[in-house]
$ cat run36.cif   # mmCIF, N, CA and C atoms; chains and numbers go by the auth columns
data_input
#
loop_
_atom_site.group_PDB
_atom_site.id
_atom_site.type_symbol
_atom_site.label_atom_id
_atom_site.label_comp_id
_atom_site.label_asym_id
_atom_site.label_seq_id
_atom_site.Cartn_x
_atom_site.Cartn_y
_atom_site.Cartn_z
_atom_site.B_iso_or_equiv
_atom_site.auth_seq_id
_atom_site.auth_asym_id
ATOM 1 N N MET A 1 125.124 43.463 151.504 0.00 1 A
ATOM 2 C CA MET A 1 123.718 43.415 151.840 0.00 1 A
ATOM 3 C C MET A 1 123.177 42.024 151.537 0.00 1 A
ATOM 4 N N ASN A 2 122.487 41.440 152.467 0.00 2 A
ATOM 5 C CA ASN A 2 121.922 40.117 152.268 0.00 2 A
ATOM 6 C C ASN A 2 120.652 40.197 151.443 0.00 2 A
ATOM 7 N N GLU A 3 120.517 39.260 150.527 0.00 3 A
ATOM 8 C CA GLU A 3 119.310 39.192 149.705 0.00 3 A
ATOM 9 C C GLU A 3 118.268 38.356 150.440 0.00 3 A
ATOM 10 N N ILE A 4 117.064 38.875 150.520 0.00 4 A
ATOM 11 C CA ILE A 4 115.971 38.144 151.174 0.00 4 A
ATOM 12 C C ILE A 4 115.292 37.280 150.127 0.00 4 A
ATOM 13 N N LYS A 5 115.171 36.012 150.410 0.00 5 A
ATOM 14 C CA LYS A 5 114.483 35.094 149.506 0.00 5 A
ATOM 15 C C LYS A 5 113.011 35.069 149.866 0.00 5 A
ATOM 16 N N PHE A 6 112.174 35.201 148.849 0.00 6 A
ATOM 17 C CA PHE A 6 110.724 35.218 149.050 0.00 6 A
ATOM 18 C C PHE A 6 110.148 33.925 148.509 0.00 6 A
ATOM 19 N N TYR A 7 109.391 33.235 149.322 0.00 7 A
ATOM 20 C CA TYR A 7 108.743 31.996 148.917 0.00 7 A
ATOM 21 C C TYR A 7 107.248 32.191 149.064 0.00 7 A
ATOM 22 N N PRO A 8 106.543 32.393 147.967 0.00 8 A
ATOM 23 C CA PRO A 8 105.095 32.573 148.051 0.00 8 A
ATOM 24 C C PRO A 8 104.437 31.311 148.621 0.00 8 A
ATOM 25 N N SER A 9 103.435 31.521 149.446 0.00 9 A
ATOM 26 C CA SER A 9 102.760 30.367 150.039 0.00 9 A
ATOM 27 C C SER A 9 101.512 29.972 149.266 0.00 9 A
ATOM 28 N N ASN A 10 101.138 30.774 148.250 0.00 10 A
ATOM 29 C CA ASN A 10 99.979 30.405 147.443 0.00 10 A
ATOM 30 C C ASN A 10 100.075 31.083 146.073 0.00 10 A
ATOM 31 N N LYS A 11 99.147 30.733 145.199 0.00 11 A
ATOM 32 C CA LYS A 11 99.172 31.232 143.824 0.00 11 A
ATOM 33 C C LYS A 11 99.018 32.748 143.767 0.00 11 A
ATOM 34 N N ALA A 12 98.142 33.309 144.586 0.00 12 A
ATOM 35 C CA ALA A 12 97.919 34.757 144.566 0.00 12 A
ATOM 36 C C ALA A 12 99.188 35.505 144.969 0.00 12 A
ATOM 37 N N GLU A 13 99.876 35.038 145.991 0.00 13 A
ATOM 38 C CA GLU A 13 101.131 35.677 146.398 0.00 13 A
ATOM 39 C C GLU A 13 102.170 35.587 145.292 0.00 13 A
ATOM 40 N N ALA A 14 102.252 34.433 144.648 0.00 14 A
ATOM 41 C CA ALA A 14 103.233 34.249 143.576 0.00 14 A
ATOM 42 C C ALA A 14 102.954 35.195 142.410 0.00 14 A
ATOM 43 N N LEU A 15 101.686 35.298 142.010 0.00 15 A
ATOM 44 C CA LEU A 15 101.341 36.175 140.891 0.00 15 A
ATOM 45 C C LEU A 15 101.577 37.645 141.232 0.00 15 A
ATOM 46 N N ALA A 16 101.218 38.042 142.441 0.00 16 A
ATOM 47 C CA ALA A 16 101.451 39.432 142.860 0.00 16 A
ATOM 48 C C ALA A 16 102.939 39.726 142.884 0.00 16 A
ATOM 49 N N TYR A 17 103.721 38.814 143.402 0.00 17 A
ATOM 50 C CA TYR A 17 105.174 38.986 143.447 0.00 17 A
ATOM 51 C C TYR A 17 105.758 39.125 142.046 0.00 17 A
ATOM 52 N N LEU A 18 105.331 38.241 141.132 0.00 18 A
ATOM 53 C CA LEU A 18 105.835 38.300 139.761 0.00 18 A
ATOM 54 C C LEU A 18 105.493 39.633 139.103 0.00 18 A
ATOM 55 N N TYR A 19 104.280 40.104 139.322 0.00 19 A
ATOM 56 C CA TYR A 19 103.860 41.374 138.726 0.00 19 A
ATOM 57 C C TYR A 19 104.722 42.522 139.256 0.00 19 A
ATOM 58 N N VAL A 20 104.859 42.605 140.562 0.00 20 A
ATOM 59 C CA VAL A 20 105.628 43.694 141.167 0.00 20 A
ATOM 60 C C VAL A 20 107.096 43.603 140.751 0.00 20 A
ATOM 61 N N GLU A 21 107.612 42.396 140.651 0.00 21 A
ATOM 62 C CA GLU A 21 109.005 42.200 140.263 0.00 21 A
ATOM 63 C C GLU A 21 109.292 42.779 138.877 0.00 21 A
ATOM 64 N N LYS A 22 108.310 42.793 138.005 0.00 22 A
ATOM 65 C CA LYS A 22 108.491 43.276 136.636 0.00 22 A
ATOM 66 C C LYS A 22 108.263 44.785 136.493 0.00 22 A
ATOM 67 N N GLN A 23 107.869 45.461 137.558 0.00 23 A
ATOM 68 C CA GLN A 23 107.616 46.899 137.502 0.00 23 A
ATOM 69 C C GLN A 23 108.903 47.685 137.752 0.00 23 A
ATOM 70 N N ASP A 24 108.906 48.921 137.267 0.00 24 A
ATOM 71 C CA ASP A 24 110.025 49.827 137.522 0.00 24 A
ATOM 72 C C ASP A 24 109.800 50.444 138.907 0.00 24 A
ATOM 73 N N ILE A 25 110.566 49.979 139.870 0.00 25 A
ATOM 74 C CA ILE A 25 110.349 50.429 141.250 0.00 25 A
ATOM 75 C C ILE A 25 111.495 51.289 141.778 0.00 25 A
ATOM 76 N N LYS A 26 112.384 51.714 140.893 0.00 26 A
ATOM 77 C CA LYS A 26 113.580 52.435 141.360 0.00 26 A
ATOM 78 C C LYS A 26 113.266 53.737 142.086 0.00 26 A
ATOM 79 N N ASP A 27 112.149 54.380 141.762 0.00 27 A
ATOM 80 C CA ASP A 27 111.799 55.639 142.425 0.00 27 A
ATOM 81 C C ASP A 27 110.736 55.474 143.506 0.00 27 A
ATOM 82 N N LYS A 28 110.400 54.249 143.828 0.00 28 A
ATOM 83 C CA LYS A 28 109.363 53.990 144.836 0.00 28 A
ATOM 84 C C LYS A 28 109.965 53.964 146.233 0.00 28 A
ATOM 85 N N THR A 29 109.206 54.490 147.179 0.00 29 A
ATOM 86 C CA THR A 29 109.596 54.382 148.589 0.00 29 A
ATOM 87 C C THR A 29 109.196 52.997 149.081 0.00 29 A
ATOM 88 N N PRO A 30 109.729 52.565 150.209 0.00 30 A
ATOM 89 C CA PRO A 30 109.300 51.287 150.761 0.00 30 A
ATOM 90 C C PRO A 30 107.785 51.238 150.993 0.00 30 A
ATOM 91 N N GLU A 31 107.232 52.355 151.435 0.00 31 A
ATOM 92 C CA GLU A 31 105.785 52.406 151.675 0.00 31 A
ATOM 93 C C GLU A 31 105.007 52.246 150.368 0.00 31 A
ATOM 94 N N GLU A 32 105.487 52.882 149.309 0.00 32 A
ATOM 95 C CA GLU A 32 104.827 52.754 148.002 0.00 32 A
ATOM 96 C C GLU A 32 104.952 51.329 147.466 0.00 32 A
ATOM 97 N N LEU A 33 106.068 50.696 147.716 0.00 33 A
ATOM 98 C CA LEU A 33 106.267 49.317 147.281 0.00 33 A
ATOM 99 C C LEU A 33 105.306 48.376 147.999 0.00 33 A
ATOM 100 N N VAL A 34 105.146 48.574 149.288 0.00 34 A
ATOM 101 C CA VAL A 34 104.186 47.765 150.044 0.00 34 A
ATOM 102 C C VAL A 34 102.781 47.980 149.512 0.00 34 A
ATOM 103 N N GLU A 35 102.440 49.238 149.238 0.00 35 A
ATOM 104 C CA GLU A 35 101.111 49.551 148.701 0.00 35 A
ATOM 105 C C GLU A 35 100.912 48.892 147.333 0.00 35 A
ATOM 106 N N LEU A 36 101.919 48.941 146.482 0.00 36 A
ATOM 107 C CA LEU A 36 101.824 48.319 145.167 0.00 36 A
ATOM 108 C C LEU A 36 101.600 46.814 145.291 0.00 36 A
ATOM 109 N N TYR A 37 102.373 46.166 146.162 0.00 37 A
ATOM 110 C CA TYR A 37 102.211 44.716 146.350 0.00 37 A
ATOM 111 C C TYR A 37 100.820 44.400 146.887 0.00 37 A
ATOM 112 N N ASN A 38 100.392 45.112 147.924 0.00 38 A
ATOM 113 C CA ASN A 38 99.093 44.827 148.529 0.00 38 A
ATOM 114 C C ASN A 38 97.946 45.055 147.555 0.00 38 A
ATOM 115 N N GLU A 39 98.014 46.130 146.790 0.00 39 A
ATOM 116 C CA GLU A 39 96.970 46.394 145.797 0.00 39 A
ATOM 117 C C GLU A 39 96.961 45.307 144.720 0.00 39 A
ATOM 118 N N THR A 40 98.139 44.906 144.284 0.00 40 A
ATOM 119 C CA THR A 40 98.234 43.857 143.271 0.00 40 A
ATOM 120 C C THR A 40 97.703 42.542 143.814 0.00 40 A
ATOM 121 N N TYR A 41 98.091 42.202 145.030 0.00 41 A
ATOM 122 C CA TYR A 41 97.612 40.961 145.650 0.00 41 A
ATOM 123 C C TYR A 41 96.088 40.971 145.735 0.00 41 A
ATOM 124 N N ASP A 42 95.506 42.073 146.192 0.00 42 A
ATOM 125 C CA ASP A 42 94.048 42.167 146.296 0.00 42 A
ATOM 126 C C ASP A 42 93.378 42.005 144.939 0.00 42 A
ATOM 127 N N ARG A 43 93.941 42.612 143.908 0.00 43 A
ATOM 128 C CA ARG A 43 93.379 42.483 142.556 0.00 43 A
ATOM 129 C C ARG A 43 93.451 41.040 142.072 0.00 43 A
ATOM 130 N N VAL A 44 94.566 40.372 142.331 0.00 44 A
ATOM 131 C CA VAL A 44 94.721 38.975 141.924 0.00 44 A
ATOM 132 C C VAL A 44 93.687 38.104 142.637 0.00 44 A
ATOM 133 N N VAL A 45 93.543 38.294 143.933 0.00 45 A
ATOM 134 C CA VAL A 45 92.580 37.489 144.701 0.00 45 A
ATOM 135 C C VAL A 45 91.158 37.724 144.197 0.00 45 A
ATOM 136 N N ARG A 46 90.796 38.997 143.946 0.00 46 A
ATOM 137 C CA ARG A 46 89.455 39.289 143.417 0.00 46 A
ATOM 138 C C ARG A 46 89.222 38.592 142.084 0.00 46 A
ATOM 139 N N GLN A 47 90.215 38.630 141.217 0.00 47 A
ATOM 140 C CA GLN A 47 90.077 37.994 139.909 0.00 47 A
ATOM 141 C C GLN A 47 89.984 36.477 140.038 0.00 47 A
ATOM 142 N N MET A 48 90.788 35.904 140.913 0.00 48 A
ATOM 143 C CA MET A 48 90.743 34.461 141.107 0.00 48 A
ATOM 144 C C MET A 48 89.385 34.035 141.661 0.00 48 A
ATOM 145 N N ASN A 49 88.813 34.840 142.540 0.00 49 A
ATOM 146 C CA ASN A 49 87.503 34.515 143.110 0.00 49 A
ATOM 147 C C ASN A 49 86.380 34.700 142.099 0.00 49 A
ATOM 148 N N ALA A 50 86.594 35.521 141.081 0.00 50 A
ATOM 149 C CA ALA A 50 85.572 35.770 140.067 0.00 50 A
ATOM 150 C C ALA A 50 85.503 34.659 139.028 0.00 50 A
ATOM 151 N N ILE A 51 86.549 33.860 138.937 0.00 51 A
ATOM 152 C CA ILE A 51 86.598 32.785 137.950 0.00 51 A
ATOM 153 C C ILE A 51 86.118 31.495 138.604 0.00 51 A
ATOM 154 N N PRO A 52 85.101 30.861 138.010 0.00 52 A
ATOM 155 C CA PRO A 52 84.629 29.586 138.583 0.00 52 A
ATOM 156 C C PRO A 52 85.757 28.551 138.606 0.00 52 A
ATOM 157 N N ASN A 53 85.768 27.765 139.634 0.00 53 A
ATOM 158 C CA ASN A 53 86.796 26.734 139.787 0.00 53 A
ATOM 159 C C ASN A 53 86.352 25.501 139.009 0.00 53 A
ATOM 160 N N ILE A 54 86.664 25.475 137.724 0.00 54 A
ATOM 161 C CA ILE A 54 86.276 24.362 136.858 0.00 54 A
ATOM 162 C C ILE A 54 87.474 23.435 136.715 0.00 54 A
ATOM 163 N N ARG A 55 87.271 22.210 137.107 0.00 55 A
ATOM 164 C CA ARG A 55 88.342 21.223 136.997 0.00 55 A
ATOM 165 C C ARG A 55 88.042 20.326 135.800 0.00 55 A
ATOM 166 N N PRO A 56 89.076 19.988 135.045 0.00 56 A
ATOM 167 C CA PRO A 56 88.840 19.084 133.913 0.00 56 A
ATOM 168 C C PRO A 56 88.403 17.706 134.392 0.00 56 A
ATOM 169 N N LYS A 57 87.588 17.064 133.581 0.00 57 A
ATOM 170 C CA LYS A 57 87.168 15.713 133.914 0.00 57 A
ATOM 171 C C LYS A 57 88.375 14.791 133.786 0.00 57 A
ATOM 172 N N SER A 58 88.420 13.772 134.639 0.00 58 A
ATOM 173 C CA SER A 58 89.539 12.849 134.557 0.00 58 A
ATOM 174 C C SER A 58 89.399 12.015 133.299 0.00 58 A
ATOM 175 N N GLY A 59 90.494 11.623 132.735 0.00 59 A
ATOM 176 C CA GLY A 59 90.478 10.857 131.487 0.00 59 A
ATOM 177 C C GLY A 59 90.470 11.784 130.288 0.00 59 A
ATOM 178 N N PHE A 60 90.400 11.198 129.136 0.00 60 A
ATOM 179 C CA PHE A 60 90.434 11.987 127.903 0.00 60 A
ATOM 180 C C PHE A 60 89.144 11.899 127.162 0.00 60 A
#

$ encode --input "run36.cif" --output "structure tokens"
Amino acid sequence: MNEIKFYPSNKAEALAYLYVEKQDIKDKTPEELVELYNETYDRVVRQMNAIPNIRPKSGF
């Protein structure tokens, strides 16, 4: 069986992938796995949007 390599295209995808990767998914159906990823991705995006985008000032 070929392993599919996943390359997240943004921070939210990467975080959702990492979260799902750490879950016990052995009893999940493919549909449940998709639902878990999508729900996690949506939660990550909502949280990222709730945090103000504060950038540090340049210099020390």

$ atom_distance --input "run36.cif" --atom1 "atom CA of Asn38 of chain A" --atom2 "atom CA of Asn53 of chain A"
23.6 Å

$ closest_residue --input "run36.cif" --among "A:Met48, A:Asp42, A:Tyr7, A:Leu36" --to "Asp24 of chain A" --atoms "only C-alpha atoms"
A:Leu36

$ closest_residue --input "run36.cif" --among "A:Gln23, A:Leu18, A:Thr29, A:Lys11" --to "Val45 of chain A" --atoms "all atoms listed in the file"
A:Lys11

$ atom_distance --input "run36.cif" --atom1 "atom N of Val44 of chain A" --atom2 "atom N of Ala12 of chain A"
8.2 Å

$ axis_aligned_box --input "run36.cif" --around "segment 12-21 of chain A" --padding-each-side "8 Å" --output "AutoDock Vina command-line options"
--center_x 103.6 --center_y 38.5 --center_z 142.6 --size_x 27.4 --size_y 26.4 --size_z 23.7

$ closest_residue --input "run36.cif" --among "A:Pro8, A:Ala14, A:Pro52, A:Val20" --to "Tyr37 of chain A" --atoms "only C-alpha atoms"
A:Val20

$ atom_distance --input "run36.cif" --atom1 "atom N of Ala50 of chain A" --atom2 "atom C of Lys22 of chain A"
24.0 Å

$ residues_around --input "run36.cif" --residues "Val34 of chain A" --least-positions-apart "5" --cutoff "12 Å" --atoms "only C-alpha atoms" --output "list in words"
Ala16, Tyr17, Val20, Ile25, Lys28, Thr29, Glu39, Thr40 and Tyr41 of chain A
